[in-house]
Every structure is written in structure tokens, then in C-alpha cells.
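Engineer: So that we are looking at the same thing, I have put the structure below in C-alpha cells.
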Amino acid sequence: MGRGPLLHADADAFFASVVLRHRPELVDRPVAVVAHVFVASANYPARARGVRGGVLAQEALRQCPELVLIDVPRAEVEEAGDALFDLFHECARAVEPGSMEEAFLDVGAADWPAAVAAGHELRRRAAAELGIAVSVGIGRTKLMAKLASRAAKPDGLHVIRGEQEAELRRDLPMTKVWGVGARTVERLAELGVATLGEIDTVPWDTLRRVCGTAMARRLRAIRDATDDAAVRPVEHRSELSAEGSISGYARPDWTPAELLERCVERVCRRAERAGLAAAGLTITLRPDDGSPAQVLRRAGRTATADLRAWPAVARELLEQAPELALTGLRVTLTGMTPVDQLPGTLF
């Protein structure tokens, strides 16, 4: 889709924002939404007092005694997430989900003023129709749009272009580069690389050996300003993934089985929303000792639209895997096919 400016739209403190829509008396007070005794989301007054997602609710109360704790309303949050994506699709010709509250948008903008106007309209509608603040970043590539939305928070719009983009591609700390994990940052630091510009000092073969071929290519592309600028709609994908870490934002003590269940649920919901069926499922386990990822696969002969089948498949695959201490995992539905193109006989 197009090569005009892209938008990254990200709802602010999503869980907390959903709750506070019906609790206006709490808007200016520190509020945290709690799941399984852990903070899932904190509003900005709470964050200003040091409350962060993933900590124990009791620890958050010690940090901020005036904190208001509210149990996460799961059904309402899921409904709000669906409504938010309905709005994204109404405002853009292509939507690439990042999570249940954020996405990259191709709004068909031919120039920067058109992209900015689209961003303002999206934010206006989100506030008026959903009661949710959405921050919007605008950039030439997905990385720049993502960095811009971070800069826009809370409840703003930010554009990265021209000289600012050039400065970021040179001076941005590796810890701030979207999609570069802590392990890769550590390995690059051992080579003396702390910023994007310092990648230029590393020979290609060394970079590939330390980071892996795919990441090395991505980092070089970022330096060359040829990184990804394509918004890929879910319905046009042959694969669809959901990823999570053991120390995720909802709970810092996920077991692999619990995290797997959540990721399968999330990716199946995305497939259903996009009208896609799947023929297979892959689980990628990331060991915490830095050893190679463990990949588990199951494939059917044809795609099925019955997404209820996949949680059981995922559990079976995990049970067959060796016991590992993990940093996280990824669940991928493969062989995606539009439901309306399925043959009469399924899986």
C-alpha cells in the first residue's frame, strides 16, 4: 500500500482509559486496573507517582497510597478494542494491528498535511465516539511512525520527518529502537554499539553473526532509511502472530501455559475479525539462556474456520516440548485463507 506518510495510532493507558469512561470522578486521580493482583494498566496520574504495569497491586499501593484499584473489566476491554479497530478500518484503507489497542494505518495520504489531517480526525472520532484518547504518530516508515506516537503521548499527535528523522537514524539509543530486544542490545553493546549510527562501525559479517541475519538486515535498513514502510492488512497475510513475554504487562509471573493460552486467544480473535481461516499453528519458544528458539509445528491438510480447534492443538504441542525456562513465546497461525474462499470440506 502506497508510499505516503504512515500513521501509528495507540490508545493511551488503554485498560485504564476504558474503565474511566464511566468513572469521570476518577479521571484526575491515580488509578490502576488490576488483573490477578498485578497492575495491568495505570493512568497518567498514577504513572506520575511511580506506578507501572506488571507490579503487584500491593506494591503499587505502597508506592502510591492514594491509588484507586479497579479489577480489569475483560468483556468491556475486548469490546472497546473491537470498536477501536472498527474505527481504524473506517479511517484507513489498510490497518496492520500491533496489539488490541494499537495499529499502523495507511490512510492514503499523498503528503504530510493530508496525513496530519487524517490523524487529527482519527483522534477526534476516538474521543467523541469511544471516549478514548488515542495518540498518533506520523512518519515515513513504520519505525518512524512508532517513535512519533511514543513522543505524542499522552493524548497528542507528533510528526517525524526531515532532519529529525535523520538525527534519530544516527543518534537513537539502541534501547529505544522498536523491535530490538534486550539480548540484542546487550550483544551490540559488547561491540561498542549504543546508538544506531554506531552500527556503521561494525563489519557486516560481525553484525550478522552477533544479531542474526534478519536483525542485521533490519538494522542496516534502518541506517540506510530503507526500513519497512508497508502497512500489511491482516486479511492479506498468509500468517498471523501474537507474541508475549513471561514478564508481560498484565502479570510478571506468567507460566508458559498461561501465556500460550493468552497468545492463542489473541491471534484467533484477530483471525476471526479479519475473516481468515488457518491451516496450521506454530509455537516459537524463546529460552532465557540465549540458546536457539524451539519451534513446534502442527499443520492440517486444509484450512479451518473453526478457531476453537487451535487452543487444544497449542496445549498438545507445548506438552510435547522439553521443559525450558523462557523469556517469552510467539504463536503463529499459518496457511491463512479468507473464509469465503474455503472449500466445502474443512480440516
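By convention here, the chains of the C-alpha cells are called A, B, ... in the order presented, each chain's residues are numbered starting at 1, and ligands are numbered starting at 1 in the order presented.
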DSSP on the backbone, then: every residue of range 152-286 of chain A marked strand (DSSP E), written as a short mmCIF file (atom, residue, chain, number, x, y, z; two decimals) with N, CA and C atoms, in the first residue's frame.
Structural biologist:
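selection19.cif was written with the following content:
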data_model
loop_
_atom_site.label_atom_id
_atom_site.label_comp_id
_atom_site.auth_asym_id
_atom_site.auth_seq_id
_atom_site.Cartn_x
_atom_site.Cartn_y
_atom_site.Cartn_z
N LEU A 157 -0.45 14.34 19.02
CA LEU A 157 -0.06 13.95 17.66
C LEU A 157 1.33 14.50 17.40
N HIS A 158 2.19 13.67 16.85
CA HIS A 158 3.57 14.09 16.60
C HIS A 158 4.00 13.60 15.22
N VAL A 159 4.79 14.42 14.54
CA VAL A 159 5.27 14.08 13.20
C VAL A 159 6.80 14.03 13.23
N LEU A 240 -0.28 -15.08 10.74
CA LEU A 240 -0.74 -14.11 11.72
C LEU A 240 -0.20 -14.53 13.08
N SER A 241 0.46 -13.61 13.80
CA SER A 241 1.14 -13.97 15.04
C SER A 241 0.70 -13.13 16.22
N ALA A 242 0.87 -13.70 17.39
CA ALA A 242 0.72 -12.97 18.65
C ALA A 242 1.90 -13.37 19.52
N GLU A 243 2.50 -12.40 20.17
CA GLU A 243 3.72 -12.65 20.93
C GLU A 243 3.58 -12.08 22.33
N GLY A 244 4.21 -12.72 23.29
CA GLY A 244 4.18 -12.23 24.65
C GLY A 244 5.42 -12.64 25.40
N SER A 245 5.75 -11.88 26.45
CA SER A 245 6.90 -12.20 27.29
C SER A 245 6.41 -12.70 28.63
N LEU A 276 -10.46 -14.73 8.45
CA LEU A 276 -9.45 -15.66 7.96
C LEU A 276 -9.56 -17.02 8.63
N ALA A 277 -9.26 -18.05 7.87
CA ALA A 277 -9.13 -19.41 8.40
C ALA A 277 -7.65 -19.77 8.40
N ALA A 278 -7.28 -20.79 9.16
CA ALA A 278 -5.88 -21.19 9.27
C ALA A 278 -5.73 -22.69 9.02
N ALA A 279 -4.58 -23.06 8.45
CA ALA A 279 -4.30 -24.47 8.18
C ALA A 279 -3.29 -25.04 9.15
N GLY A 280 -2.60 -24.19 9.90
CA GLY A 280 -1.58 -24.70 10.79
C GLY A 280 -1.28 -23.74 11.92
N LEU A 281 -0.52 -24.24 12.89
CA LEU A 281 -0.14 -23.43 14.05
C LEU A 281 1.31 -23.73 14.39
N THR A 282 2.06 -22.65 14.65
CA THR A 282 3.47 -22.77 15.05
C THR A 282 3.68 -22.04 16.36
N ILE A 283 4.41 -22.67 17.27
CA ILE A 283 4.78 -22.03 18.53
C ILE A 283 6.29 -21.88 18.55
N THR A 284 6.76 -20.67 18.78
CA THR A 284 8.20 -20.41 18.90
C THR A 284 8.49 -20.06 20.36
N LEU A 285 9.30 -20.90 21.01
CA LEU A 285 9.66 -20.71 22.41
C LEU A 285 11.04 -20.06 22.49
N ARG A 286 11.16 -18.98 23.29
CA ARG A 286 12.43 -18.28 23.43
C ARG A 286 13.06 -18.61 24.79
#
Engineer: Just the residues within 12 Å of range 206-212 of chain A, please, counting only C-alpha atoms, with nothing from its chain fewer than 5 positions along; format it as a list in words.
Structural biologist: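 Selected residues are Val180, Gly181, Ala182, Arg183, Thr184, Val185, Glu186, Arg187, Leu188, Ala189, Glu190, Leu191, Gly192, Val193, Glu198, Ile199, Asp200, Thr201, Arg217, Arg218, Leu219, Arg220, Gly290 and Pro292 of chain A.
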Engineer: For those residues, write C-alpha atoms to a file as an mmCIF file, in the first residue's frame.
Structural biologist:
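Result file out.cif:
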data_model
loop_
_atom_site.group_PDB
_atom_site.id
_atom_site.type_symbol
_atom_site.label_atom_id
_atom_site.label_comp_id
_atom_site.auth_asym_id
_atom_site.auth_seq_id
_atom_site.Cartn_x
_atom_site.Cartn_y
_atom_site.Cartn_z
ATOM 1 C CA VAL A 180 15.193 -4.757 19.112
ATOM 2 C CA GLY A 181 15.194 -6.943 22.212
ATOM 3 C CA ALA A 182 17.300 -6.652 25.355
ATOM 4 C CA ARG A 183 19.509 -9.583 24.350
ATOM 5 C CA THR A 184 20.395 -7.965 21.029
ATOM 6 C CA VAL A 185 21.049 -4.642 22.763
ATOM 7 C CA GLU A 186 23.459 -6.404 25.144
ATOM 8 C CA ARG A 187 25.328 -8.105 22.311
ATOM 9 C CA LEU A 188 25.632 -4.853 20.369
ATOM 10 C CA ALA A 189 26.896 -3.090 23.488
ATOM 11 C CA GLU A 190 29.704 -5.638 23.670
ATOM 12 C CA LEU A 191 30.723 -4.403 20.205
ATOM 13 C CA GLY A 192 30.648 -0.800 21.381
ATOM 14 C CA VAL A 193 27.332 -0.061 19.661
ATOM 15 C CA GLU A 198 27.469 3.258 15.625
ATOM 16 C CA ILE A 199 26.267 0.262 13.605
ATOM 17 C CA ASP A 200 28.324 1.726 10.777
ATOM 18 C CA THR A 201 31.490 0.726 12.641
ATOM 19 C CA ARG A 217 19.433 -6.667 7.681
ATOM 20 C CA ARG A 218 16.799 -4.711 9.587
ATOM 21 C CA LEU A 219 19.403 -2.628 11.402
ATOM 22 C CA ARG A 220 21.249 -1.864 8.176
ATOM 23 C CA GLY A 290 20.070 -17.245 24.896
ATOM 24 C CA PRO A 292 18.262 -21.042 19.832
#
Engineer: Please provide as a list in words all residues within 12 Å of Ala152 in chain A, with the sequence filter that same-chain residues fewer than 4 positions apart are discarded (counting only C-alpha atoms).
Structural biologist: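 These residues fall inside the cut-off: Leu7, His8, Ala9, Asp10, Ala11, Asp12, Gly119, Arg123, Ala133, Val134, Ser135, Val136, Gly137, Ile138, Ala145, Lys146, Leu147, Ala148, Gly156, Leu157, His158, Val159 and Ile160 of chain A.
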Engineer: Just N, CA and C atoms for this one: save the residues we selected as a PDB file, in the first residue's frame.
Structural biologist:
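This went into again-v4.pdb:
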ATOM      1  N   LEU A   7       0.635   6.346   9.600  1.00  0.00           N
ATOM      2  CA  LEU A   7       0.217   6.676  10.959  1.00  0.00           C
ATOM      3  C   LEU A   7       0.424   5.469  11.863  1.00  0.00           C
ATOM      4  N   HIS A   8       0.835   5.740  13.099  1.00  0.00           N
ATOM      5  CA  HIS A   8       0.762   4.726  14.145  1.00  0.00           C
ATOM      6  C   HIS A   8      -0.159   5.281  15.218  1.00  0.00           C
ATOM      7  N   ALA A   9      -1.281   4.598  15.427  1.00  0.00           N
ATOM      8  CA  ALA A   9      -2.281   5.034  16.403  1.00  0.00           C
ATOM      9  C   ALA A   9      -2.233   4.114  17.603  1.00  0.00           C
ATOM     10  N   ASP A  10      -2.188   4.699  18.804  1.00  0.00           N
ATOM     11  CA  ASP A  10      -2.019   3.913  20.029  1.00  0.00           C
ATOM     12  C   ASP A  10      -2.873   4.528  21.135  1.00  0.00           C
ATOM     13  N   ALA A  11      -3.856   3.761  21.618  1.00  0.00           N
ATOM     14  CA  ALA A  11      -4.717   4.255  22.692  1.00  0.00           C
ATOM     15  C   ALA A  11      -3.905   4.425  23.965  1.00  0.00           C
ATOM     16  N   ASP A  12      -4.111   5.527  24.658  1.00  0.00           N
ATOM     17  CA  ASP A  12      -3.350   5.837  25.870  1.00  0.00           C
ATOM     18  C   ASP A  12      -3.883   5.045  27.059  1.00  0.00           C
ATOM     19  N   GLY A 119      -4.834  12.162  10.923  1.00  0.00           N
ATOM     20  CA  GLY A 119      -4.527  11.856  12.320  1.00  0.00           C
ATOM     21  C   GLY A 119      -5.408  12.631  13.286  1.00  0.00           C
ATOM     22  N   ARG A 123      -8.214  11.007  15.928  1.00  0.00           N
ATOM     23  CA  ARG A 123      -8.192  11.321  17.358  1.00  0.00           C
ATOM     24  C   ARG A 123      -9.515  11.945  17.805  1.00  0.00           C
ATOM     25  N   ALA A 133      -8.727   8.354  24.544  1.00  0.00           N
ATOM     26  CA  ALA A 133      -7.671   9.188  23.967  1.00  0.00           C
ATOM     27  C   ALA A 133      -6.721   8.310  23.165  1.00  0.00           C
ATOM     28  N   VAL A 134      -6.464   8.696  21.934  1.00  0.00           N
ATOM     29  CA  VAL A 134      -5.551   7.966  21.057  1.00  0.00           C
ATOM     30  C   VAL A 134      -4.436   8.910  20.626  1.00  0.00           C
ATOM     31  N   SER A 135      -3.211   8.509  20.883  1.00  0.00           N
ATOM     32  CA  SER A 135      -2.062   9.274  20.408  1.00  0.00           C
ATOM     33  C   SER A 135      -1.674   8.777  19.024  1.00  0.00           C
ATOM     34  N   VAL A 136      -1.295   9.705  18.155  1.00  0.00           N
ATOM     35  CA  VAL A 136      -0.984   9.361  16.765  1.00  0.00           C
ATOM     36  C   VAL A 136       0.409   9.857  16.420  1.00  0.00           C
ATOM     37  N   GLY A 137       1.189   8.956  15.832  1.00  0.00           N
ATOM     38  CA  GLY A 137       2.497   9.318  15.303  1.00  0.00           C
ATOM     39  C   GLY A 137       2.491   9.204  13.802  1.00  0.00           C
ATOM     40  N   ILE A 138       3.196  10.087  13.135  1.00  0.00           N
ATOM     41  CA  ILE A 138       3.240  10.095  11.673  1.00  0.00           C
ATOM     42  C   ILE A 138       4.696  10.081  11.233  1.00  0.00           C
ATOM     43  N   ALA A 145       6.988   6.183  12.488  1.00  0.00           N
ATOM     44  CA  ALA A 145       5.629   6.416  12.978  1.00  0.00           C
ATOM     45  C   ALA A 145       5.483   5.929  14.412  1.00  0.00           C
ATOM     46  N   LYS A 146       6.111   4.790  14.717  1.00  0.00           N
ATOM     47  CA  LYS A 146       6.059   4.253  16.087  1.00  0.00           C
ATOM     48  C   LYS A 146       6.773   5.192  17.055  1.00  0.00           C
ATOM     49  N   LEU A 147       7.948   5.668  16.686  1.00  0.00           N
ATOM     50  CA  LEU A 147       8.677   6.603  17.540  1.00  0.00           C
ATOM     51  C   LEU A 147       7.885   7.898  17.714  1.00  0.00           C
ATOM     52  N   ALA A 148       7.198   8.309  16.665  1.00  0.00           N
ATOM     53  CA  ALA A 148       6.407   9.543  16.745  1.00  0.00           C
ATOM     54  C   ALA A 148       5.232   9.378  17.701  1.00  0.00           C
ATOM     55  N   GLY A 156      -1.776  13.059  22.170  1.00  0.00           N
ATOM     56  CA  GLY A 156      -1.255  14.061  21.250  1.00  0.00           C
ATOM     57  C   GLY A 156      -1.016  13.499  19.865  1.00  0.00           C
ATOM     58  N   LEU A 157      -0.445  14.338  19.018  1.00  0.00           N
ATOM     59  CA  LEU A 157      -0.064  13.951  17.659  1.00  0.00           C
ATOM     60  C   LEU A 157       1.329  14.504  17.398  1.00  0.00           C
ATOM     61  N   HIS A 158       2.187  13.668  16.847  1.00  0.00           N
ATOM     62  CA  HIS A 158       3.572  14.094  16.598  1.00  0.00           C
ATOM     63  C   HIS A 158       3.996  13.597  15.224  1.00  0.00           C
ATOM     64  N   VAL A 159       4.789  14.418  14.536  1.00  0.00           N
ATOM     65  CA  VAL A 159       5.275  14.083  13.200  1.00  0.00           C
ATOM     66  C   VAL A 159       6.798  14.031  13.227  1.00  0.00           C
ATOM     67  N   ILE A 160       7.362  12.981  12.615  1.00  0.00           N
ATOM     68  CA  ILE A 160       8.818  12.887  12.462  1.00  0.00           C
ATOM     69  C   ILE A 160       9.131  12.882  10.971  1.00  0.00           C
TER      70      ILE A 160
END
Engineer: Please identify all polymer residues within 12 Å of Ala303 in chain A, counting only C-alpha atoms, omitting same-chain residues fewer than 4 positions from it, and present them as a list in words.
Structural biologist: Ser238, Leu276, Ala277, Ala278, Ala279, Gly280, Leu281, Ala299, Leu307, Ala309, Trp310, Leu333, Thr334, Gly335, Met336, Thr337, Pro338, Val339, Asp340, Gln341, Leu342, Pro343, Gly344, Thr345, Leu346 and Phe347 of chain A
Engineer: Do a neighbour search on Leu317 in chain A at 8 Å with only C-alpha atoms, toss out local chain neighbours closer than 6 positions, and write the hits as a PyMOL selection string.
Structural biologist: chain A and resi 283+296-298
Engineer: Atoms to include: N, CA and C atoms. Write the selected residues as a compact mmCIF listing (two decimals), in the first residue's frame.
Structural biologist:
# COMPACT_ATOMS: atom_id res chain seq x y z
N ILE A 283 4.41 -22.67 17.27
CA ILE A 283 4.78 -22.03 18.53
C ILE A 283 6.29 -21.88 18.55
N LEU A 296 7.77 -25.41 17.45
CA LEU A 296 6.82 -26.52 17.46
C LEU A 296 5.76 -26.24 16.40
N ARG A 297 5.43 -27.26 15.57
CA ARG A 297 4.51 -27.03 14.46
C ARG A 297 3.44 -28.11 14.38
N ARG A 298 2.27 -27.68 13.90
CA ARG A 298 1.19 -28.61 13.56
C ARG A 298 0.47 -28.04 12.36
Engineer: So that I can check the surroundings of range 70-74 of chain A, please list as an NGL selection string every protein, DNA and RNA residue that reaches within 7 Å of it, counting only C-alpha atoms and ignoring chain neighbours fewer than 4 positions away.
Structural biologist: :A and (32-35 or 78)
Engineer: Selected residues, C-alpha atoms, written as a JSON list (two decimals), in the first residue's frame, please.
Structural biologist:
[["chain", "number", "residue", "atom", "x", "y", "z"],
["A", 32, "ALA", "CA", -4.68, 1.30, 38.28],
["A", 33, "VAL", "CA", -6.56, -1.54, 36.61],
["A", 34, "VAL", "CA", -5.67, -4.87, 38.22],
["A", 35, "ALA", "CA", -5.59, -8.42, 36.79],
["A", 78, "GLU", "CA", -12.42, -6.53, 24.47]]
Engineer: Please indicate the distance in Å from CA of Val107 in chain A to CA of Ala229 in chain A, rounded to one decimal place.
Structural biologist: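 These two atoms are separated by 13.0 Å.
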Engineer: Mind pulling up the distance from CA of Thr141 in chain A to CA of Asp171 in chain A?
Structural biologist: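 Interatomic distance here is 17.1 Å.
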Engineer: One decimal, Å: what's the distance from CA of Phe104 in chain A over to CA of Val39 in chain A, could you say?
Structural biologist: 26.4 Å
Engineer: Quick one: everything within 10 Å of range 60-65 of chain A, counting only C-alpha atoms, minus sequence neighbours fewer than 3 positions away in the same chain. Send it as a PyMOL selection string.
Structural biologist: chain A and resi 30-32+38-39+42+46-57+68-69
